[in-house]
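As stored in input-v3.pdb (PDB, C-alpha atoms):
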ATOM      1  CA  MET A   1     -99.863  -6.166-198.804  1.00  0.00           C
ATOM      2  CA  ASN A   2    -103.396  -5.897-200.182  1.00  0.00           C
ATOM      3  CA  PHE A   3    -103.184  -4.406-203.651  1.00  0.00           C
ATOM      4  CA  GLU A   4    -106.927  -4.427-204.407  1.00  0.00           C
ATOM      5  CA  LEU A   5    -107.297  -0.697-203.739  1.00  0.00           C
ATOM      6  CA  LEU A   6    -104.411   0.088-206.076  1.00  0.00           C
ATOM      7  CA  GLU A   7    -105.878  -2.179-208.761  1.00  0.00           C
ATOM      8  CA  GLU A   8    -109.083  -0.131-208.526  1.00  0.00           C
ATOM      9  CA  ARG A   9    -107.129   3.099-208.948  1.00  0.00           C
ATOM     10  CA  ILE A  10    -105.155   1.682-211.853  1.00  0.00           C
ATOM     11  CA  GLY A  11    -108.306   0.333-213.490  1.00  0.00           C
ATOM     12  CA  TYR A  12    -106.822  -3.080-214.166  1.00  0.00           C
ATOM     13  CA  LYS A  13    -107.196  -6.429-212.382  1.00  0.00           C
ATOM     14  CA  PHE A  14    -103.993  -8.459-212.447  1.00  0.00           C
ATOM     15  CA  LYS A  15    -104.143 -12.130-213.317  1.00  0.00           C
ATOM     16  CA  ASN A  16    -100.743 -12.597-211.643  1.00  0.00           C
ATOM     17  CA  ILE A  17    -100.319 -10.100-208.807  1.00  0.00           C
ATOM     18  CA  HIS A  18     -96.585 -10.857-208.806  1.00  0.00           C
ATOM     19  CA  TRP A  19     -96.145  -8.392-211.684  1.00  0.00           C
ATOM     20  CA  LEU A  20     -97.629  -5.547-209.660  1.00  0.00           C
ATOM     21  CA  GLU A  21     -95.707  -6.482-206.528  1.00  0.00           C
ATOM     22  CA  THR A  22     -92.423  -6.459-208.461  1.00  0.00           C
ATOM     23  CA  ALA A  23     -93.312  -3.132-210.059  1.00  0.00           C
ATOM     24  CA  LEU A  24     -93.572  -1.597-206.588  1.00  0.00           C
ATOM     25  CA  THR A  25     -90.435  -3.189-205.098  1.00  0.00           C
ATOM     26  CA  HIS A  26     -87.574  -0.754-204.638  1.00  0.00           C
ATOM     27  CA  SER A  27     -84.002  -2.047-204.829  1.00  0.00           C
ATOM     28  CA  SER A  28     -83.478  -1.324-201.120  1.00  0.00           C
ATOM     29  CA  TYR A  29     -86.270  -3.758-200.216  1.00  0.00           C
ATOM     30  CA  ALA A  30     -85.226  -6.249-202.893  1.00  0.00           C
ATOM     31  CA  ASN A  31     -81.656  -6.379-201.550  1.00  0.00           C
ATOM     32  CA  GLU A  32     -82.859  -7.014-197.998  1.00  0.00           C
ATOM     33  CA  HIS A  33     -85.319  -9.763-198.924  1.00  0.00           C
ATOM     34  CA  GLY A  34     -83.646 -11.453-201.879  1.00  0.00           C
ATOM     35  CA  VAL A  35     -86.391 -10.626-204.394  1.00  0.00           C
ATOM     36  CA  LYS A  36     -86.489  -8.778-207.706  1.00  0.00           C
ATOM     37  CA  SER A  37     -86.792  -4.988-207.831  1.00  0.00           C
ATOM     38  CA  TYR A  38     -88.790  -2.879-210.251  1.00  0.00           C
ATOM     39  CA  GLU A  39     -85.720  -1.867-212.292  1.00  0.00           C
ATOM     40  CA  ARG A  40     -86.137  -4.285-215.224  1.00  0.00           C
ATOM     41  CA  LEU A  41     -89.833  -3.434-215.494  1.00  0.00           C
ATOM     42  CA  GLU A  42     -88.973   0.267-215.368  1.00  0.00           C
ATOM     43  CA  PHE A  43     -86.610  -0.279-218.326  1.00  0.00           C
ATOM     44  CA  LEU A  44     -89.408  -1.888-220.329  1.00  0.00           C
ATOM     45  CA  GLY A  45     -92.006   0.615-219.155  1.00  0.00           C
ATOM     46  CA  ASP A  46     -89.893   3.511-220.412  1.00  0.00           C
ATOM     47  CA  SER A  47     -90.249   2.155-223.959  1.00  0.00           C
ATOM     48  CA  VAL A  48     -93.946   1.290-223.594  1.00  0.00           C
ATOM     49  CA  LEU A  49     -94.712   4.764-222.277  1.00  0.00           C
ATOM     50  CA  GLY A  50     -92.667   6.417-225.013  1.00  0.00           C
ATOM     51  CA  PHE A  51     -94.415   4.490-227.780  1.00  0.00           C
ATOM     52  CA  VAL A  52     -97.951   5.036-226.457  1.00  0.00           C
ATOM     53  CA  THR A  53     -97.271   8.737-225.984  1.00  0.00           C
ATOM     54  CA  ALA A  54     -95.728   9.107-229.440  1.00  0.00           C
ATOM     55  CA  GLU A  55     -98.694   7.385-231.084  1.00  0.00           C
ATOM     56  CA  PHE A  56    -101.154   9.555-229.133  1.00  0.00           C
ATOM     57  CA  LEU A  57     -99.399  12.734-230.240  1.00  0.00           C
ATOM     58  CA  TYR A  58     -99.145  11.514-233.845  1.00  0.00           C
ATOM     59  CA  LYS A  59    -102.892  10.876-233.983  1.00  0.00           C
ATOM     60  CA  ASN A  60    -104.079  13.942-232.085  1.00  0.00           C
ATOM     61  CA  PHE A  61    -101.685  16.604-233.359  1.00  0.00           C
ATOM     62  CA  PRO A  62    -101.687  15.915-237.128  1.00  0.00           C
ATOM     63  CA  ASP A  63    -100.301  19.313-238.100  1.00  0.00           C
ATOM     64  CA  LEU A  64     -97.276  19.349-235.796  1.00  0.00           C
ATOM     65  CA  PRO A  65     -93.799  18.782-237.299  1.00  0.00           C
ATOM     66  CA  GLU A  66     -91.529  16.034-236.038  1.00  0.00           C
ATOM     67  CA  GLY A  67     -89.434  18.359-233.894  1.00  0.00           C
ATOM     68  CA  LYS A  68     -92.448  19.677-232.011  1.00  0.00           C
ATOM     69  CA  LEU A  69     -93.849  16.183-231.514  1.00  0.00           C
ATOM     70  CA  THR A  70     -90.510  15.104-230.033  1.00  0.00           C
ATOM     71  CA  LYS A  71     -90.512  18.026-227.599  1.00  0.00           C
ATOM     72  CA  TYR A  72     -94.096  17.369-226.533  1.00  0.00           C
ATOM     73  CA  ARG A  73     -93.398  13.679-225.958  1.00  0.00           C
ATOM     74  CA  ALA A  74     -90.386  14.581-223.804  1.00  0.00           C
ATOM     75  CA  GLU A  75     -92.525  16.997-221.791  1.00  0.00           C
ATOM     76  CA  LEU A  76     -95.238  14.397-221.187  1.00  0.00           C
ATOM     77  CA  VAL A  77     -92.873  11.633-220.051  1.00  0.00           C
ATOM     78  CA  CYS A  78     -90.331  13.709-218.102  1.00  0.00           C
ATOM     79  CA  GLU A  79     -89.691  12.956-214.444  1.00  0.00           C
ATOM     80  CA  LYS A  80     -91.850  15.873-213.297  1.00  0.00           C
ATOM     81  CA  SER A  81     -94.871  14.586-215.232  1.00  0.00           C
ATOM     82  CA  LEU A  82     -94.492  10.955-214.177  1.00  0.00           C
ATOM     83  CA  TYR A  83     -94.044  12.034-210.562  1.00  0.00           C
ATOM     84  CA  ALA A  84     -97.365  13.892-210.755  1.00  0.00           C
ATOM     85  CA  PHE A  85     -99.075  10.839-212.260  1.00  0.00           C
ATOM     86  CA  SER A  86     -97.741   8.624-209.459  1.00  0.00           C
ATOM     87  CA  LYS A  87     -98.866  11.091-206.804  1.00  0.00           C
ATOM     88  CA  GLU A  88    -102.365  11.017-208.306  1.00  0.00           C
ATOM     89  CA  LEU A  89    -102.383   7.234-207.873  1.00  0.00           C
ATOM     90  CA  GLU A  90    -100.727   7.555-204.435  1.00  0.00           C
ATOM     91  CA  LEU A  91     -98.199   4.902-205.462  1.00  0.00           C
ATOM     92  CA  GLY A  92     -95.997   5.842-202.533  1.00  0.00           C
ATOM     93  CA  ASP A  93     -98.471   4.230-200.144  1.00  0.00           C
ATOM     94  CA  PHE A  94     -97.935   0.858-201.834  1.00  0.00           C
ATOM     95  CA  MET A  95     -94.170   0.880-202.337  1.00  0.00           C
ATOM     96  CA  LEU A  96     -92.069  -1.876-200.842  1.00  0.00           C
ATOM     97  CA  LEU A  97     -89.096  -0.046-199.323  1.00  0.00           C
ATOM     98  CA  SER A  98     -86.431  -0.849-196.773  1.00  0.00           C
ATOM     99  CA  HIS A  99     -86.860   0.689-193.324  1.00  0.00           C
ATOM    100  CA  GLY A 100     -83.951   3.017-194.005  1.00  0.00           C
ATOM    101  CA  GLU A 101     -85.481   4.204-197.275  1.00  0.00           C
ATOM    102  CA  MET A 102     -88.819   4.762-195.559  1.00  0.00           C
ATOM    103  CA  ARG A 103     -87.201   6.874-192.841  1.00  0.00           C
ATOM    104  CA  THR A 104     -85.514   9.110-195.393  1.00  0.00           C
ATOM    105  CA  GLY A 105     -88.727   9.811-197.305  1.00  0.00           C
ATOM    106  CA  GLY A 106     -88.306   7.386-200.192  1.00  0.00           C
ATOM    107  CA  LYS A 107     -92.030   7.034-200.794  1.00  0.00           C
ATOM    108  CA  ASN A 108     -92.226  10.704-201.768  1.00  0.00           C
ATOM    109  CA  ARG A 109     -88.997  10.946-203.768  1.00  0.00           C
ATOM    110  CA  PRO A 110     -89.778  12.181-207.339  1.00  0.00           C
ATOM    111  CA  SER A 111     -87.185  10.007-209.095  1.00  0.00           C
ATOM    112  CA  ILE A 112     -88.482   6.798-207.467  1.00  0.00           C
ATOM    113  CA  LEU A 113     -92.142   7.633-208.061  1.00  0.00           C
ATOM    114  CA  ALA A 114     -91.455   8.500-211.701  1.00  0.00           C
ATOM    115  CA  ASP A 115     -89.657   5.178-212.222  1.00  0.00           C
ATOM    116  CA  MET A 116     -92.480   3.265-210.559  1.00  0.00           C
ATOM    117  CA  PHE A 117     -95.102   4.751-212.851  1.00  0.00           C
ATOM    118  CA  GLU A 118     -93.118   3.263-215.745  1.00  0.00           C
ATOM    119  CA  SER A 119     -92.731  -0.088-213.976  1.00  0.00           C
ATOM    120  CA  VAL A 120     -96.480  -0.293-213.293  1.00  0.00           C
ATOM    121  CA  ALA A 121     -97.204   0.388-216.970  1.00  0.00           C
ATOM    122  CA  ALA A 122     -94.827  -2.435-217.902  1.00  0.00           C
ATOM    123  CA  ALA A 123     -96.409  -4.756-215.322  1.00  0.00           C
ATOM    124  CA  ILE A 124     -99.813  -4.217-216.929  1.00  0.00           C
ATOM    125  CA  TYR A 125     -98.299  -4.896-220.346  1.00  0.00           C
ATOM    126  CA  LYS A 126     -96.652  -8.132-219.202  1.00  0.00           C
ATOM    127  CA  ASP A 127     -99.651  -9.394-217.227  1.00  0.00           C
ATOM    128  CA  SER A 128    -102.183  -8.696-219.990  1.00  0.00           C
ATOM    129  CA  GLY A 129     -99.922  -9.910-222.784  1.00  0.00           C
ATOM    130  CA  ASN A 130    -100.831  -7.000-225.043  1.00  0.00           C
ATOM    131  CA  LEU A 131    -100.332  -3.275-225.385  1.00  0.00           C
ATOM    132  CA  LYS A 132    -104.017  -2.350-225.215  1.00  0.00           C
ATOM    133  CA  GLU A 133    -104.392  -2.512-221.424  1.00  0.00           C
ATOM    134  CA  ALA A 134    -101.159  -0.612-220.816  1.00  0.00           C
ATOM    135  CA  GLU A 135    -102.273   1.996-223.335  1.00  0.00           C
ATOM    136  CA  LYS A 136    -105.606   2.490-221.537  1.00  0.00           C
ATOM    137  CA  PHE A 137    -103.751   3.038-218.267  1.00  0.00           C
ATOM    138  CA  ILE A 138    -101.189   5.464-219.724  1.00  0.00           C
ATOM    139  CA  LEU A 139    -103.673   7.537-221.725  1.00  0.00           C
ATOM    140  CA  ARG A 140    -105.728   8.244-218.597  1.00  0.00           C
ATOM    141  CA  PHE A 141    -102.838  10.505-217.598  1.00  0.00           C
ATOM    142  CA  ILE A 142    -101.298  11.533-220.912  1.00  0.00           C
ATOM    143  CA  GLU A 143    -104.532  12.752-222.493  1.00  0.00           C
ATOM    144  CA  PRO A 144    -105.441  15.358-219.839  1.00  0.00           C
ATOM    145  CA  ALA A 145    -101.785  16.377-219.451  1.00  0.00           C
ATOM    146  CA  SER A 146    -101.581  17.056-223.200  1.00  0.00           C
ATOM    147  CA  LYS A 147    -103.986  19.963-222.780  1.00  0.00           C
ATOM    148  CA  ASN A 148    -101.231  21.920-221.019  1.00  0.00           C
ATOM    149  CA  LEU A 149     -98.441  21.220-223.494  1.00  0.00           C
ATOM    150  CA  GLY A 150     -96.211  24.189-224.158  1.00  0.00           C
ATOM    151  CA  LYS A 151     -97.699  26.196-221.281  1.00  0.00           C
ATOM    152  CA  ARG A 152     -94.914  25.511-218.804  1.00  0.00           C
ATOM    153  CA  SER A 153     -91.196  26.047-218.880  1.00  0.00           C
ATOM    154  CA  PHE A 154     -89.459  22.848-219.903  1.00  0.00           C
ATOM    155  CA  LYS A 155     -85.822  22.699-220.969  1.00  0.00           C
ATOM    156  CA  ASP A 156     -85.332  19.490-222.939  1.00  0.00           C
ATOM    157  CA  TYR A 157     -81.626  19.492-223.695  1.00  0.00           C
ATOM    158  CA  LYS A 158     -81.721  15.931-225.091  1.00  0.00           C
ATOM    159  CA  THR A 159     -84.209  16.846-227.809  1.00  0.00           C
ATOM    160  CA  THR A 160     -82.317  20.024-228.699  1.00  0.00           C
ATOM    161  CA  LEU A 161     -79.079  18.056-229.068  1.00  0.00           C
ATOM    162  CA  GLN A 162     -80.859  15.371-231.085  1.00  0.00           C
ATOM    163  CA  GLU A 163     -82.246  17.960-233.509  1.00  0.00           C
ATOM    164  CA  ILE A 164     -78.782  19.389-234.092  1.00  0.00           C
ATOM    165  CA  ILE A 165     -77.213  15.983-234.653  1.00  0.00           C
ATOM    166  CA  GLN A 166     -79.982  14.952-237.077  1.00  0.00           C
ATOM    167  CA  GLN A 167     -78.744  17.621-239.482  1.00  0.00           C
ATOM    168  CA  ASN A 168     -75.818  15.256-240.175  1.00  0.00           C
ATOM    169  CA  PRO A 169     -77.358  11.811-240.873  1.00  0.00           C
ATOM    170  CA  GLU A 170     -74.004  10.022-240.610  1.00  0.00           C
ATOM    171  CA  GLU A 171     -73.659  11.007-236.950  1.00  0.00           C
ATOM    172  CA  LYS A 172     -75.202   8.885-234.206  1.00  0.00           C
ATOM    173  CA  ILE A 173     -75.888   9.951-230.641  1.00  0.00           C
ATOM    174  CA  SER A 174     -75.945   7.642-227.622  1.00  0.00           C
ATOM    175  CA  TYR A 175     -76.082   7.877-223.821  1.00  0.00           C
ATOM    176  CA  GLU A 176     -74.157   5.609-221.483  1.00  0.00           C
ATOM    177  CA  LEU A 177     -74.499   5.194-217.727  1.00  0.00           C
ATOM    178  CA  ILE A 178     -70.898   5.210-216.465  1.00  0.00           C
ATOM    179  CA  GLY A 179     -71.389   5.369-212.716  1.00  0.00           C
ATOM    180  CA  GLN A 180     -73.730   5.469-209.770  1.00  0.00           C
ATOM    181  CA  SER A 181     -72.993   6.052-206.137  1.00  0.00           C
ATOM    182  CA  GLY A 182     -74.599   6.772-202.810  1.00  0.00           C
ATOM    183  CA  PRO A 183     -77.140   4.931-200.656  1.00  0.00           C
ATOM    184  CA  ASP A 184     -80.511   3.874-202.062  1.00  0.00           C
ATOM    185  CA  HIS A 185     -82.227   6.932-200.622  1.00  0.00           C
ATOM    186  CA  ASN A 186     -79.746   9.351-202.198  1.00  0.00           C
ATOM    187  CA  LYS A 187     -78.410   7.867-205.436  1.00  0.00           C
ATOM    188  CA  HIS A 188     -76.246   9.877-207.822  1.00  0.00           C
ATOM    189  CA  PHE A 189     -76.022   8.794-211.476  1.00  0.00           C
ATOM    190  CA  VAL A 190     -73.369   9.823-214.001  1.00  0.00           C
ATOM    191  CA  VAL A 191     -74.043   9.598-217.737  1.00  0.00           C
ATOM    192  CA  GLN A 192     -71.888  10.433-220.727  1.00  0.00           C
ATOM    193  CA  VAL A 193     -73.219  11.308-224.166  1.00  0.00           C
ATOM    194  CA  LYS A 194     -71.372  10.285-227.319  1.00  0.00           C
ATOM    195  CA  ILE A 195     -71.559  11.400-230.917  1.00  0.00           C
ATOM    196  CA  ASN A 196     -70.406   8.358-232.846  1.00  0.00           C
ATOM    197  CA  ASN A 197     -67.623   7.178-230.501  1.00  0.00           C
ATOM    198  CA  ASN A 198     -66.578  10.578-229.213  1.00  0.00           C
ATOM    199  CA  ILE A 199     -67.578  11.695-225.715  1.00  0.00           C
ATOM    200  CA  VAL A 200     -69.086  15.186-225.988  1.00  0.00           C
ATOM    201  CA  GLY A 201     -70.612  15.642-222.558  1.00  0.00           C
ATOM    202  CA  LYS A 202     -70.930  14.200-219.090  1.00  0.00           C
ATOM    203  CA  GLY A 203     -73.585  14.941-216.492  1.00  0.00           C
ATOM    204  CA  GLY A 204     -74.907  13.802-213.153  1.00  0.00           C
ATOM    205  CA  GLY A 205     -78.218  13.750-211.332  1.00  0.00           C
ATOM    206  CA  LYS A 206     -80.464  11.995-208.854  1.00  0.00           C
ATOM    207  CA  SER A 207     -81.990   9.911-211.652  1.00  0.00           C
ATOM    208  CA  LYS A 208     -80.747   8.525-214.962  1.00  0.00           C
ATOM    209  CA  LYS A 209     -83.106  10.855-216.834  1.00  0.00           C
ATOM    210  CA  GLU A 210     -81.761  13.913-215.033  1.00  0.00           C
ATOM    211  CA  ALA A 211     -78.168  12.810-215.661  1.00  0.00           C
ATOM    212  CA  GLU A 212     -78.881  12.387-219.386  1.00  0.00           C
ATOM    213  CA  GLN A 213     -80.387  15.867-219.560  1.00  0.00           C
ATOM    214  CA  GLN A 214     -77.341  17.345-217.832  1.00  0.00           C
ATOM    215  CA  ALA A 215     -74.948  15.485-220.129  1.00  0.00           C
ATOM    216  CA  ALA A 216     -76.817  16.879-223.134  1.00  0.00           C
ATOM    217  CA  ARG A 217     -76.706  20.374-221.624  1.00  0.00           C
ATOM    218  CA  VAL A 218     -72.919  20.160-221.236  1.00  0.00           C
ATOM    219  CA  ALA A 219     -72.582  18.916-224.821  1.00  0.00           C
ATOM    220  CA  LEU A 220     -74.629  21.839-226.116  1.00  0.00           C
ATOM    221  CA  GLU A 221     -72.493  24.323-224.184  1.00  0.00           C
ATOM    222  CA  LEU A 222     -69.293  22.798-225.571  1.00  0.00           C
ATOM    223  CA  MET A 223     -70.751  23.009-229.083  1.00  0.00           C
ATOM    224  CA  GLY A 224     -71.508  26.681-228.599  1.00  0.00           C
ATOM    225  CA  TYR A 225     -75.300  26.510-228.190  1.00  0.00           C
TER     226      TYR A 225
END
Translate this file's structure into structure tokens.
Amino acid sequence: MNFELLEERIGYKFKNIHWLETALTHSSYANEHGVKSYERLEFLGDSVLGFVTAEFLYKNFPDLPEGKLTKYRAELVCEKSLYAFSKELELGDFMLLSHGEMRTGGKNRPSILADMFESVAAAIYKDSGNLKEAEKFILRFIEPASKNLGKRSFKDYKTTLQEIIQQNPEEKISYELIGQSGPDHNKHFVVQVKINNNIVGKGGGKSKKEAEQQAARVALELMGY
């Protein structure tokens, strides 16, 4: 596949195009062809995106308290936002998917497109060897999106739970993926949330992020919130 058009849209020229190709390789294609999928890059990209977004908010919203900054970061990097960013780049046209995944509409699935935005950010980071290029790419989307912060309905159960737990510094919260099922085009993830070592909620969803949000929602309900 010729990735030159996508490189133009991204605004970055890869020294090793392998990074970009991997970032666009879905597990369904990877399993069929014996190559690596985007999943490890998506894991790294999640952290890169979170850091760049946090630093942007810290610099540009100097009067906001920590709780508000956390909510705004969650809103900017939620699945809905990342899906919109990917659609703007038309990443779906460049995905490497199995024939079965293509037939079932994988290239337009929000959870996959959101993950691939993160994997592309990580690919830029790895190829360039520094955070600057990845930051330039991410801020092209985060900066304009920040102008609409707080204007849409966004229920961030994870942040709400985190704020409650932070009132007791000795308590630690963690999320654990405990199961996934279904074909590649219709995955279902199950996540449990723990406070210290006690399970306080379990939730499922079509992506890990959605499952974490649902687990946090259940925990809040059980705690009476």
Item checked: 12 Å contact set for stretch 86-103 of chain A, all atoms listed in the file, chain neighbours under 5 positions out, as a ChimeraX atom specification -> /A:1-11,20-33,35-38,79-81,108-121,137-138,140-141,183-187
Margin query: What would the selection look like, as a ChimeraX atom specification, if the PyMOL selection byres ((chain A and resi 209) around 12) were run on the coordinates I just shared?
Written below: /A:43,46,74,77-80,82,110-112,114-115,156-158,175-177,188-192,203-208,210-216
I need the residues from that last selection saved to file as a compact mmCIF listing (two decimals), in the coordinates of the input (with C-alpha atoms), if you can.
# COMPACT_ATOMS: atom_id res chain seq x y z
CA PHE A 43 -86.61 -0.28 -218.33
CA ASP A 46 -89.89 3.51 -220.41
CA ALA A 74 -90.39 14.58 -223.80
CA VAL A 77 -92.87 11.63 -220.05
CA CYS A 78 -90.33 13.71 -218.10
CA GLU A 79 -89.69 12.96 -214.44
CA LYS A 80 -91.85 15.87 -213.30
CA LEU A 82 -94.49 10.96 -214.18
CA PRO A 110 -89.78 12.18 -207.34
CA SER A 111 -87.18 10.01 -209.10
CA ILE A 112 -88.48 6.80 -207.47
CA ALA A 114 -91.46 8.50 -211.70
CA ASP A 115 -89.66 5.18 -212.22
CA ASP A 156 -85.33 19.49 -222.94
CA TYR A 157 -81.63 19.49 -223.70
CA LYS A 158 -81.72 15.93 -225.09
CA TYR A 175 -76.08 7.88 -223.82
CA GLU A 176 -74.16 5.61 -221.48
CA LEU A 177 -74.50 5.19 -217.73
CA HIS A 188 -76.25 9.88 -207.82
CA PHE A 189 -76.02 8.79 -211.48
CA VAL A 190 -73.37 9.82 -214.00
CA VAL A 191 -74.04 9.60 -217.74
CA GLN A 192 -71.89 10.43 -220.73
CA GLY A 203 -73.58 14.94 -216.49
CA GLY A 204 -74.91 13.80 -213.15
CA GLY A 205 -78.22 13.75 -211.33
CA LYS A 206 -80.46 12.00 -208.85
CA SER A 207 -81.99 9.91 -211.65
CA LYS A 208 -80.75 8.52 -214.96
CA GLU A 210 -81.76 13.91 -215.03
CA ALA A 211 -78.17 12.81 -215.66
CA GLU A 212 -78.88 12.39 -219.39
CA GLN A 213 -80.39 15.87 -219.56
CA GLN A 214 -77.34 17.34 -217.83
CA ALA A 215 -74.95 15.48 -220.13
CA ALA A 216 -76.82 16.88 -223.13
Margin query: From the options A:Pro169, A:Gly179, A:Gly50, A:Gly34, which residue's atoms come nearest to A:Tyr72, counting all atoms listed in the file?
Written below: A:Gly50
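Using only C-alpha atoms for every distance, the candidate list A:Lys59, A:His18, A:Arg217, A:Lys71 yields A:Lys71 as the residue closest to A:Glu163.
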Next item on the list: Write out as a VMD selection string the residues lying within 12 Å of A:Glu170, counting only C-alpha atoms and excluding same-chain residues fewer than 3 positions away.
Entry: chain A and resid 165 to 167 173 195 to 196
Mind writing the picked residues with C-alpha atoms as a PDB file, in the frame of the given file?
ATOM      1  CA  ILE A 165     -77.213  15.983-234.653  1.00  0.00           C
ATOM      2  CA  GLN A 166     -79.982  14.952-237.077  1.00  0.00           C
ATOM      3  CA  GLN A 167     -78.744  17.621-239.482  1.00  0.00           C
ATOM      4  CA  ILE A 173     -75.888   9.951-230.641  1.00  0.00           C
ATOM      5  CA  ILE A 195     -71.559  11.400-230.917  1.00  0.00           C
ATOM      6  CA  ASN A 196     -70.406   8.358-232.846  1.00  0.00           C
TER       7      ASN A 196
END
Notebook entry, point to check: What is the atom CA of A:Ala134 to atom CA of A:Ala122 distance in Å?
Noted result: 7.2 Å
Next item on the list: Given the file shown, enumerate the residues that the PyMOL selection byres ((chain A and resi 197) around 10) captures and present them as a PyMOL selection string.
Entry: chain A and resi 171-174+193-196+198-200
3 Å per side around stretch 80-96 of chain A: axis-aligned box centre and edge lengths, as lines of an AutoDock Vina configuration file:
center_x = -97.1
center_y = 7.0
center_z = -207.7
size_x = 16.5
size_y = 23.7
size_z = 21.1
Notebook entry, point to check: Quick one: distance from atom CA of A:Ala145 to atom CA of A:Asp127 in Å, one decimal?
Noted result: 26.0 Å
Checklist line | Nearest to A:Ala123, chosen from A:Leu64, A:Leu222, A:Leu57, A:Val48, with all atoms listed in the file counted in the distances | finding: A:Val48
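Counting only C-alpha atoms and comparing A:Lys107, A:Ala219, A:Ser47, A:Arg40, the residue that lies closest to A:Leu131 is A:Ser47.
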Checklist line | Nearest residue to A:Phe61 from the set A:Ser181, A:Ser146, A:Asn168, A:Gln162 (distances using only C-alpha atoms) | finding: A:Ser146
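Note that atom CA of A:Ile164 and atom CA of A:Glu42 are 28.6 Å apart.
Shortest atom-to-atom contact with A:Arg73 among A:Leu139, A:Ile124, A:Ile17, A:Leu149: A:Leu149, counting all atoms listed in the file.
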